[in-house]
Amino acid sequence: MKRIAASAFLAVMGSAFLFASGVENKTNMSTGYLRNPSRNTEAKRPEASYYNIAGTAFMKNGLHIEAGNQFVFKEYGNELNTGNALSIYGISDYYSNDETTVWLYPDADFVYKHDKFAIFGNFGVYAGGGSLEYSEGTSATTLLFAGAAKKNLAAGQNETAQKFLGAAKNHSLKVTSITYGGQLGGAYKFLDNLSFAAGLRYVHGTQTMSIKSNYFSGLRNGSNEISYKANGYTVSGVFGIHWQPIEVVDLAVQYQSKSSVKYKVTDVDGNLAEKFNIENGKTFHTDLPAALNLGAGWQALENLYLSTSFNYYFNTFADQNSILGETDYANSWEIALGADWKICKWLSYSAGIQYGKQGTKDGSNSTFNPVLDSVCFGTGVEIYPTEELTLAFSGLFAKYFDTDYYLQDTYKTTLSKKVTNLSFGVTYHFPNL
């Protein structure tokens, strides 16, 4: 029973909702990213406080403030193919999906620049991002209860087996996972064309899970729900260098150290939770892996900026576990190309494309929150009503590639998802502060 539970909960408790190329790490941290995913040489906008902290030393003097919000439209699904293994229980192919829309996904940045110094700060959703709901459960949870039914049937406990089978066919699942983060630091321009920056990053993660079924009460659960909450936090560092070998070329390197987040389980509800090894006070780590961010940009024309960005995530050096055990992800990476074109004094247009290669394996993924390779297309505009005010509107569509995932090394599940992000942001520059 515990082995079945571990397989299922490891599958459903991935926390990297929405976009993530390091399994956990998020990259959609601003309206600018949705407009053009190549952000690693950013040195004009306050979103540099996340993507290129050393670039803040190249910004104009004064105080820059930016705030935005994203609207995320998503559909996650999985299809279970058990062949004839569970057909005797009336379970063969099982499909489920989530179409929960995220209406609040905020971000904020500030940069204060004076001569060669800059102070920067950032706030956003560094991992997770919201709730996922499956009204009919997932392939993993269906297998969990079907496996329990099979075990009880073999032991001659037919009544209990029928109740677990009923739970397999009739249950719902909801997980909320949000990791808020912020960083604060400073940058210094050692030479006219070279700067260094360092900062501290604080992240606070929360997770809640709830599985409901009318059959739980008959299994001496005490209610129709199994649920828990978990919280964790940590502080880590981020470092960067920005160099202009010639006036029209930008080169940037940034390193985000691992954020080791230790979660503690609280508010466990349901007597069946013990059978799944869910206990109050239990701890586990779901880290944000270290990341290396590289960028190159070229001011090809006075009104046209071209750039490329590469991010590499060291998943193998992080503990990306769930409440019940360990996971095994390889390192992952993403590469992006983009262009920013200033059409006129009051309008600019941006577009970009990004490919992300995940570190998943046949036995390491999530039926609840599929981790899939993807190609993302972003575009948007900036409008300048005044010289100091910028209004930004953008959208990004992610094409994910279906992949097969084997639960308990036997049952194949085909994972899929679709995500579209829309965003708006406002930036204001106070030049005299």
# chains A, B, ... in the order shown; residues from 1 in each chain; ligands from 1

call {"tool": "closest_atom_pairs", "arguments": {"of": "stretch 253-305 of chain A", "to": "stretch 192-208 of chain A", "cutoff": "12 Å", "atoms": "only C-alpha atoms", "output": "JSON lines"}}
result
{"residue": "A:Val253", "atom": "CA", "partner": "A:Phe196", "partner_atom": "CA", "distance": 9.8}
{"residue": "A:Gln254", "atom": "CA", "partner": "A:Ala197", "partner_atom": "CA", "distance": 9.0}
{"residue": "A:Tyr255", "atom": "CA", "partner": "A:Ala198", "partner_atom": "CA", "distance": 9.6}
{"residue": "A:Gln256", "atom": "CA", "partner": "A:Arg201", "partner_atom": "CA", "distance": 8.9}
{"residue": "A:Ser257", "atom": "CA", "partner": "A:Arg201", "partner_atom": "CA", "distance": 9.2}
{"residue": "A:Lys258", "atom": "CA", "partner": "A:Arg201", "partner_atom": "CA", "distance": 10.1}
{"residue": "A:Ser259", "atom": "CA", "partner": "A:Val203", "partner_atom": "CA", "distance": 7.6}
{"residue": "A:Ser260", "atom": "CA", "partner": "A:Val203", "partner_atom": "CA", "distance": 9.3}
{"residue": "A:Val261", "atom": "CA", "partner": "A:Gly205", "partner_atom": "CA", "distance": 7.5}
{"residue": "A:Lys262", "atom": "CA", "partner": "A:Gly205", "partner_atom": "CA", "distance": 9.0}
{"residue": "A:Tyr263", "atom": "CA", "partner": "A:Gly205", "partner_atom": "CA", "distance": 7.8}
{"residue": "A:Lys264", "atom": "CA", "partner": "A:Thr206", "partner_atom": "CA", "distance": 9.7}
{"residue": "A:Val265", "atom": "CA", "partner": "A:Gln207", "partner_atom": "CA", "distance": 9.1}
{"residue": "A:Thr266", "atom": "CA", "partner": "A:Thr208", "partner_atom": "CA", "distance": 9.6}
{"residue": "A:Asp267", "atom": "CA", "partner": "A:Thr208", "partner_atom": "CA", "distance": 9.6}
{"residue": "A:Val268", "atom": "CA", "partner": "A:Thr208", "partner_atom": "CA", "distance": 10.0}
{"residue": "A:Asp269", "atom": "CA", "partner": "A:Thr208", "partner_atom": "CA", "distance": 11.4}
{"residue": "A:Phe284", "atom": "CA", "partner": "A:Gln207", "partner_atom": "CA", "distance": 11.9}
{"residue": "A:His285", "atom": "CA", "partner": "A:Gly205", "partner_atom": "CA", "distance": 10.8}
{"residue": "A:Thr286", "atom": "CA", "partner": "A:Gly205", "partner_atom": "CA", "distance": 9.1}
{"residue": "A:Asp287", "atom": "CA", "partner": "A:Gly205", "partner_atom": "CA", "distance": 10.0}
{"residue": "A:Leu288", "atom": "CA", "partner": "A:Val203", "partner_atom": "CA", "distance": 9.3}

call {"tool": "residues_around", "arguments": {"residues": "A:Thr379", "least_positions_apart": "4", "cutoff": "7 Å", "atoms": "only C-alpha atoms", "output": "list of chain:residue names"}}
result
A:Leu34, A:Arg35, A:Asn36, A:Ser350, A:Ala351, A:Gly352, A:Ser394, A:Gly395, A:Leu396

call {"tool": "write_last_selection", "arguments": {"atoms": "C-alpha atoms", "output": "mmCIF file, in the first residue's frame"}}
result
data_model
loop_
_atom_site.group_PDB
_atom_site.id
_atom_site.type_symbol
_atom_site.label_atom_id
_atom_site.label_comp_id
_atom_site.auth_asym_id
_atom_site.auth_seq_id
_atom_site.Cartn_x
_atom_site.Cartn_y
_atom_site.Cartn_z
ATOM 1 C CA LEU A 34 6.087 37.163 -22.332
ATOM 2 C CA ARG A 35 6.797 39.786 -24.983
ATOM 3 C CA ASN A 36 10.300 38.423 -25.691
ATOM 4 C CA SER A 350 8.933 42.814 -29.473
ATOM 5 C CA ALA A 351 8.872 39.148 -30.410
ATOM 6 C CA GLY A 352 10.802 36.059 -29.427
ATOM 7 C CA SER A 394 2.098 40.976 -24.129
ATOM 8 C CA GLY A 395 1.153 37.371 -24.713
ATOM 9 C CA LEU A 396 2.947 34.045 -24.890
#

call {"tool": "atom_distance", "arguments": {"atom1": "atom CA of A:Ala339", "atom2": "atom CA of A:Ser307"}}
result
6.4 Å

call {"tool": "atom_distance", "arguments": {"atom1": "atom CA of A:Gln244", "atom2": "atom CA of A:Asn52"}}
result
13.5 Å

call {"tool": "select_by_dssp", "arguments": {"residues": "stretch 303-402 of chain A", "states": "strand (DSSP E or B)", "output": "number ranges by chain"}}
result
A: 304-313, 320, 322, 325, 332-344, 347-357, 361, 364, 374-383, 389-400

call {"tool": "select_by_dssp", "arguments": {"residues": "stretch 151-343 of chain A", "states": "helix (DSSP H, G or I)", "output": "PDB file with C-alpha atoms, in the first residue's frame"}}
result
ATOM      1  CA  LYS A 151      -4.667  -5.958  -2.695  1.00  0.00           C
ATOM      2  CA  ASN A 152      -7.776  -6.244  -0.533  1.00  0.00           C
ATOM      3  CA  LEU A 153      -9.486  -8.473  -3.086  1.00  0.00           C
ATOM      4  CA  ALA A 154      -6.509 -10.840  -3.005  1.00  0.00           C
ATOM      5  CA  ASN A 158     -14.220  -7.971  -0.818  1.00  0.00           C
ATOM      6  CA  GLU A 159     -16.261  -5.227   0.868  1.00  0.00           C
ATOM      7  CA  THR A 160     -13.191  -3.059   1.494  1.00  0.00           C
ATOM      8  CA  ALA A 161     -11.961  -3.775  -2.021  1.00  0.00           C
ATOM      9  CA  GLN A 162     -15.241  -2.523  -3.511  1.00  0.00           C
ATOM     10  CA  LYS A 163     -14.995   0.714  -1.529  1.00  0.00           C
ATOM     11  CA  PHE A 164     -11.447   1.346  -2.765  1.00  0.00           C
ATOM     12  CA  LEU A 165     -12.609   0.572  -6.287  1.00  0.00           C
ATOM     13  CA  GLY A 166     -15.413   3.074  -5.832  1.00  0.00           C
ATOM     14  CA  ALA A 167     -12.851   5.672  -4.712  1.00  0.00           C
ATOM     15  CA  ALA A 168     -10.732   4.874  -7.790  1.00  0.00           C
ATOM     16  CA  LYS A 169     -13.653   5.692 -10.079  1.00  0.00           C
ATOM     17  CA  SER A 217     -15.976   7.586   5.121  1.00  0.00           C
ATOM     18  CA  GLY A 218     -16.717   3.901   4.597  1.00  0.00           C
ATOM     19  CA  LEU A 219     -12.970   3.216   4.758  1.00  0.00           C
ATOM     20  CA  ASN A 271      -7.182   8.681   8.956  1.00  0.00           C
ATOM     21  CA  LEU A 272      -6.128   7.178   5.619  1.00  0.00           C
ATOM     22  CA  ALA A 273      -3.289   9.717   5.480  1.00  0.00           C
ATOM     23  CA  GLU A 274      -1.215   7.470   7.757  1.00  0.00           C
ATOM     24  CA  LYS A 275      -1.416   4.652   5.207  1.00  0.00           C
ATOM     25  CA  PHE A 276       0.118   7.056   2.690  1.00  0.00           C
ATOM     26  CA  ASN A 315      18.630  19.724 -11.189  1.00  0.00           C
ATOM     27  CA  THR A 316      20.916  16.818 -10.290  1.00  0.00           C
ATOM     28  CA  PHE A 317      22.420  18.846  -7.411  1.00  0.00           C
TER      29      PHE A 317
END

call {"tool": "closest_residue", "arguments": {"among": "A:Phe424, A:Phe120, A:Phe73, A:Phe58", "to": "A:Phe393", "atoms": "only C-alpha atoms"}}
result
A:Phe424

call {"tool": "closest_residue", "arguments": {"among": "A:Gly156, A:Gly181, A:Tyr50, A:Asn81", "to": "A:Thr142", "atoms": "only C-alpha atoms"}}
result
A:Asn81
